[in-house]
$ cat protein_10.txt   # compact mmCIF, C-alpha atoms
# COMPACT_ATOMS: atom_id res chain seq x y z
CA MET A 1 0.00 0.00 0.00
CA ASN A 2 1.33 3.43 -0.95
CA THR A 3 1.48 5.75 2.05
CA THR A 4 2.94 8.74 0.22
CA ILE A 5 1.22 12.07 0.87
CA LYS A 6 1.39 15.01 -1.52
CA THR A 7 0.13 18.54 -1.06
CA CYS A 8 -2.33 20.17 -3.42
CA ALA A 9 0.45 22.61 -4.35
CA GLN A 10 2.65 19.72 -5.51
CA THR A 11 -0.08 18.72 -7.98
CA ARG A 12 -1.03 22.20 -9.19
CA ALA A 13 -0.90 22.92 -12.92
CA ILE A 14 -1.64 26.30 -14.51
CA GLN A 15 -2.13 27.13 -18.16
CA SER A 16 -2.83 30.61 -19.55
CA ARG A 17 -3.60 31.62 -23.09
CA ARG A 18 -5.17 34.45 -25.05
CA ILE A 19 -8.57 33.88 -26.67
CA PHE A 20 -8.19 34.24 -30.45
CA PRO A 21 -10.83 34.40 -33.21
CA PHE A 22 -10.42 30.68 -34.02
CA ASP A 23 -11.26 29.85 -30.34
CA VAL A 24 -14.68 31.52 -30.18
CA ASN A 25 -18.30 30.70 -30.97
CA MET A 26 -20.91 32.86 -32.72
CA HIS A 27 -21.22 34.97 -29.54
CA GLN A 28 -17.52 35.88 -29.77
CA THR A 29 -16.77 34.05 -26.52
CA LEU A 30 -14.58 31.02 -25.91
CA PHE A 31 -16.29 27.93 -27.32
CA GLY A 32 -17.17 25.54 -24.48
CA GLY A 33 -15.54 22.59 -26.25
CA ASN A 34 -12.26 24.50 -26.48
CA LEU A 35 -12.40 25.29 -22.76
CA THR A 36 -13.08 21.63 -22.00
CA ARG A 37 -10.02 20.60 -24.03
CA ILE A 38 -7.81 23.11 -22.18
CA ILE A 39 -9.10 21.89 -18.80
CA ASP A 40 -8.60 18.22 -19.69
CA ASP A 41 -5.02 18.95 -20.76
CA CYS A 42 -4.24 20.90 -17.59
CA ALA A 43 -5.97 18.35 -15.33
CA SER A 44 -4.01 15.51 -16.93
CA ILE A 45 -0.77 17.25 -15.94
CA THR A 46 -2.04 17.60 -12.37
CA VAL A 47 -2.85 13.88 -12.28
CA SER A 48 0.57 12.93 -13.67
CA ARG A 49 2.28 15.09 -11.06
CA HIS A 50 0.29 13.38 -8.35
CA CYS A 51 0.62 9.70 -9.26
CA ARG A 52 3.54 9.66 -11.76
CA ARG A 53 1.79 7.07 -13.94
CA LEU A 54 -0.60 6.91 -16.87
CA ALA A 55 -4.22 7.73 -16.10
CA VAL A 56 -7.48 8.23 -17.99
CA THR A 57 -10.31 10.73 -17.63
CA ALA A 58 -13.23 8.84 -16.06
CA SER A 59 -15.84 11.55 -15.52
CA VAL A 60 -16.56 15.24 -15.49
CA ASP A 61 -18.92 16.62 -12.88
CA ALA A 62 -21.14 19.49 -13.94
CA MET A 63 -19.23 22.10 -15.87
CA ASN A 64 -20.23 25.37 -14.23
CA TYR A 65 -19.91 28.22 -16.73
CA LEU A 66 -20.11 31.33 -14.56
CA LYS A 67 -19.05 34.13 -16.92
CA PRO A 68 -18.28 34.18 -20.64
CA LEU A 69 -14.68 34.50 -21.80
CA PRO A 70 -14.71 37.09 -24.60
CA LEU A 71 -12.45 37.27 -27.63
CA GLY A 72 -9.19 39.04 -26.73
CA HIS A 73 -9.31 38.19 -23.03
CA SER A 74 -7.00 35.61 -21.51
CA VAL A 75 -8.11 32.35 -19.94
CA CYS A 76 -6.16 30.82 -17.07
CA VAL A 77 -6.95 27.25 -16.02
CA GLU A 78 -5.68 26.12 -12.62
CA THR A 79 -6.06 22.51 -11.48
CA TYR A 80 -5.06 20.53 -8.42
CA ILE A 81 -5.94 17.23 -6.76
CA SER A 82 -8.91 17.67 -4.42
CA GLY A 83 -9.49 14.09 -3.31
CA VAL A 84 -8.24 10.54 -3.85
CA GLY A 85 -9.54 7.01 -3.71
CA LYS A 86 -7.33 3.95 -4.08
CA LYS A 87 -6.75 4.43 -7.82
CA SER A 88 -8.94 7.45 -8.57
CA MET A 89 -8.16 11.12 -8.25
CA GLU A 90 -10.55 14.04 -8.23
CA VAL A 91 -9.23 17.23 -9.82
CA PHE A 92 -10.62 20.67 -8.99
CA CYS A 93 -10.60 22.95 -12.02
CA LYS A 94 -10.76 26.72 -11.66
CA VAL A 95 -11.02 28.95 -14.74
CA VAL A 96 -10.11 32.63 -14.40
CA GLY A 97 -10.64 35.13 -17.19
CA GLU A 98 -8.80 38.40 -17.55
CA ASP A 99 -9.43 41.48 -19.61
CA VAL A 100 -5.77 41.98 -20.46
CA LEU A 101 -6.33 45.66 -21.34
CA THR A 102 -7.83 46.63 -17.97
CA GLY A 103 -6.43 43.89 -15.71
CA GLU A 104 -9.92 42.92 -14.47
CA ARG A 105 -9.93 39.24 -13.43
CA TYR A 106 -13.06 37.13 -12.88
CA LEU A 107 -13.99 33.57 -12.05
CA ALA A 108 -15.33 32.18 -15.33
CA ALA A 109 -15.94 28.47 -14.59
CA THR A 110 -15.39 25.62 -12.17
CA SER A 111 -15.68 21.85 -12.36
CA PHE A 112 -14.46 18.62 -10.85
CA TRP A 113 -12.96 15.86 -12.98
CA THR A 114 -12.16 12.29 -12.01
CA PHE A 115 -9.21 10.35 -13.39
CA VAL A 116 -8.26 6.72 -12.81
CA ALA A 117 -4.61 5.67 -12.61
CA LEU A 118 -3.59 2.68 -14.70
CA PRO A 119 -1.43 -0.21 -13.50
CA ARG A 120 2.08 -0.53 -14.81
CA GLU A 121 2.99 -3.66 -16.74
CA GLY A 122 2.90 -6.67 -14.42
CA GLU A 123 1.51 -4.63 -11.52
CA THR A 124 -1.36 -6.22 -9.61
CA ASP A 125 -1.96 -3.77 -6.79
CA PHE A 126 -1.17 -0.12 -6.23
CA ALA A 127 -2.61 3.02 -4.67
CA VAL A 128 -2.21 6.67 -5.57
CA PRO A 129 -0.74 9.03 -2.95
CA ALA A 130 -2.98 10.70 -0.38
CA ILE A 131 -3.59 14.45 -0.69
CA GLU A 132 -3.08 17.15 1.94
CA PRO A 133 -4.62 20.61 1.51
CA GLU A 134 -2.78 23.60 2.96
CA THR A 135 -4.55 26.85 2.00
CA ALA A 136 -8.06 27.89 3.08
CA GLU A 137 -9.32 27.35 -0.49
CA GLU A 138 -7.76 23.90 -0.74
CA LYS A 139 -9.15 22.86 2.65
CA PHE A 140 -12.65 23.99 1.66
CA ILE A 141 -12.52 22.26 -1.74
CA CYS A 142 -11.06 19.03 -0.34
CA SER A 143 -13.56 18.94 2.54
CA GLY A 144 -16.38 18.27 0.07
CA TYR A 145 -14.64 15.34 -1.63
CA GLU A 146 -16.47 12.53 0.15
CA ASP A 147 -19.92 13.98 -0.65
CA ARG A 148 -18.94 14.46 -4.31
CA ARG A 149 -17.54 10.90 -4.46
CA LEU A 150 -20.78 9.45 -3.11
CA ALA A 151 -22.81 11.52 -5.59
CA ARG A 152 -20.61 10.22 -8.45
CA LEU A 153 -21.14 6.62 -7.33
CA GLU A 154 -24.91 7.20 -7.32
CA GLN A 155 -24.69 8.81 -10.77
CA LEU A 156 -22.70 5.79 -12.00
CA LYS A 157 -25.55 3.50 -10.89
CA ARG A 158 -28.04 5.66 -12.83
CA GLN A 159 -25.71 5.63 -15.86
CA GLU A 160 -25.52 1.83 -15.79
CA GLU A 161 -29.34 1.66 -15.74
CA LEU A 162 -29.50 4.13 -18.63
CA MET A 163 -27.05 2.04 -20.65
CA ASN A 164 -29.42 -0.94 -20.31
CA HIS A 165 -32.11 1.09 -22.10
CA VAL A 166 -30.15 2.92 -24.80
CA SER A 167 -30.20 1.38 -28.24
CA ILE A 168 -27.22 1.43 -30.57
CA HIS A 169 -29.41 0.26 -33.45
CA LYS A 170 -29.36 2.72 -36.35
CA PRO A 171 -32.81 2.59 -37.97
CA TRP A 172 -31.86 5.30 -40.44
CA MET A 173 -29.26 2.96 -41.92
CA GLU A 174 -31.97 0.51 -43.04
CA SER A 175 -33.20 2.99 -45.65
CA LEU A 176 -29.79 3.25 -47.34

$ encode --input "protein_10.txt" --output "structure tokens"
Amino acid sequence: MNTTIKTCAQTRAIQSRRIFPFDVNMHQTLFGGNLTRIIDDCASITVSRHCRRLAVTASVDAMNYLKPLPLGHSVCVETYISGVGKKSMEVFCKVVGEDVLTGERYLAATSFWTFVALPREGETDFAVPAIEPETAEEKFICSGYEDRRLARLEQLKRQEELMNHVSIHKPWMESL
């Protein structure tokens, strides 16, 4: 059993970039799919820093879009580990926008993502390191981990039931 403990700061990843015309939707704000890609990339770095092994994205909790990110502003994604299971890691994702001409910064989005660490070749048992929050923000975010984990497990049960009722038959193909 792995008894290593890491701090949230040791797992933190930050990516900033300007929002260009090819990044935006018809409202001239950052396209949600582009933001999701940036978050997934940043979160994957956080996960790698935490467990130092390959891992896969398992789920994304509700993506909370709080404020639009307009063309010309910058977007800064900050991620850190906010809870761990034996092989799973929850990542808190904070998105901060900035009007680079005025310096005004604003919270644009938040979400929690779950990743699962993969075994190394020949490995039968392993555990990811524990996480220790240090700042007031980290302590608050991490304190809600168990409730979020239980909600995800309940959602997984509902998803399994849904999968039993979703057809992959393509009736439109019969007419071709």

$ residues_around --input "protein_10.txt" --residues "region 142-146 of chain A" --least-positions-apart "4" --cutoff "8 Å" --atoms "all atoms listed in the file" --output "list of chain:residue names"
A:Ser82, A:Gly83, A:Glu90, A:Pro133, A:Glu138, A:Leu150

$ closest_residue --input "protein_10.txt" --among "A:Thr57, A:Thr36, A:Gly85, A:Ser167" --to "Thr110 (chain A)" --atoms "all atoms listed in the file"
A:Thr36

$ residues_around --input "protein_10.txt" --residues "Ser44 (chain A)" --least-positions-apart "3" --cutoff "8 Å" --atoms "all atoms listed in the file" --output "PyMOL selection string"
chain A and resi 40-41+47-48+55+57

$ atom_distance --input "protein_10.txt" --atom1 "CA of Met63 (chain A)" --atom2 "CA of Val96 (chain A)"
14.0 Å

$ closest_residue --input "protein_10.txt" --among "A:Asp125, A:Val56, A:Phe31, A:Ala13" --to "Phe92 (chain A)" --atoms "all atoms listed in the file"
A:Ala13

$ residues_around --input "protein_10.txt" --residues "Arg52 (chain A)" --least-positions-apart "3" --cutoff "12 Å" --atoms "all atoms listed in the file" --output "JSON, numbers by chain"
{"A": [6, 10, 11, 44, 45, 46, 47, 48, 49, 55, 117, 118, 119, 120, 127, 128, 129]}

$ atom_distance --input "protein_10.txt" --atom1 "CA of Gly33 (chain A)" --atom2 "CA of Arg148 (chain A)"
23.6 Å

$ closest_residue --input "protein_10.txt" --among "A:Ile38, A:Val91, A:Ile168, A:Ala136" --to "Ser16 (chain A)" --atoms "all atoms listed in the file"
A:Ile38

$ atom_distance --input "protein_10.txt" --atom1 "CA of Pro21 (chain A)" --atom2 "CA of Ile39 (chain A)"
19.2 Å

$ residues_around --input "protein_10.txt" --residues "Ile5 (chain A)" --least-positions-apart "6" --cutoff "7 Å" --atoms "all atoms listed in the file" --output "compact mmCIF listing (two decimals) with C-alpha atoms, keeping the file's coordinate frame"
# COMPACT_ATOMS: atom_id res chain seq x y z
CA PRO A 129 -0.74 9.03 -2.95
CA ALA A 130 -2.98 10.70 -0.38
CA ILE A 131 -3.59 14.45 -0.69
CA GLU A 132 -3.08 17.15 1.94

$ closest_residue --input "protein_10.txt" --among "A:Ile141, A:Leu153, A:Val166, A:Ala108" --to "Asn64 (chain A)" --atoms "only C-alpha atoms"
A:Ala108

$ closest_residue --input "protein_10.txt" --among "A:Asp99, A:Glu160, A:Asp147, A:Glu137" --to "Cys76 (chain A)" --atoms "all atoms listed in the file"
A:Asp99

$ residues_near_point --input "protein_10.txt" --point "(-4.0, 25.4, -15.9)" --cutoff "6 Å" --atoms "all atoms listed in the file" --output "list in words"
Ala13, Ile14, Gln15, Cys42, Cys76, Val77, Glu78 and Thr79 of chain A

$ write_last_selection --input "protein_10.txt" --atoms "C-alpha atoms" --output "JSON list (two decimals), in the frame of the given file"
[["chain", "number", "residue", "atom", "x", "y", "z"],
["A", 13, "ALA", "CA", -0.90, 22.92, -12.92],
["A", 14, "ILE", "CA", -1.64, 26.30, -14.51],
["A", 15, "GLN", "CA", -2.13, 27.13, -18.16],
["A", 42, "CYS", "CA", -4.24, 20.90, -17.59],
["A", 76, "CYS", "CA", -6.16, 30.82, -17.07],
["A", 77, "VAL", "CA", -6.95, 27.25, -16.02],
["A", 78, "GLU", "CA", -5.68, 26.12, -12.62],
["A", 79, "THR", "CA", -6.06, 22.51, -11.48]]

$ closest_residue --input "protein_10.txt" --among "A:Arg12, A:Arg152, A:Lys86, A:Lys67" --to "Glu98 (chain A)" --atoms "only C-alpha atoms"
A:Lys67
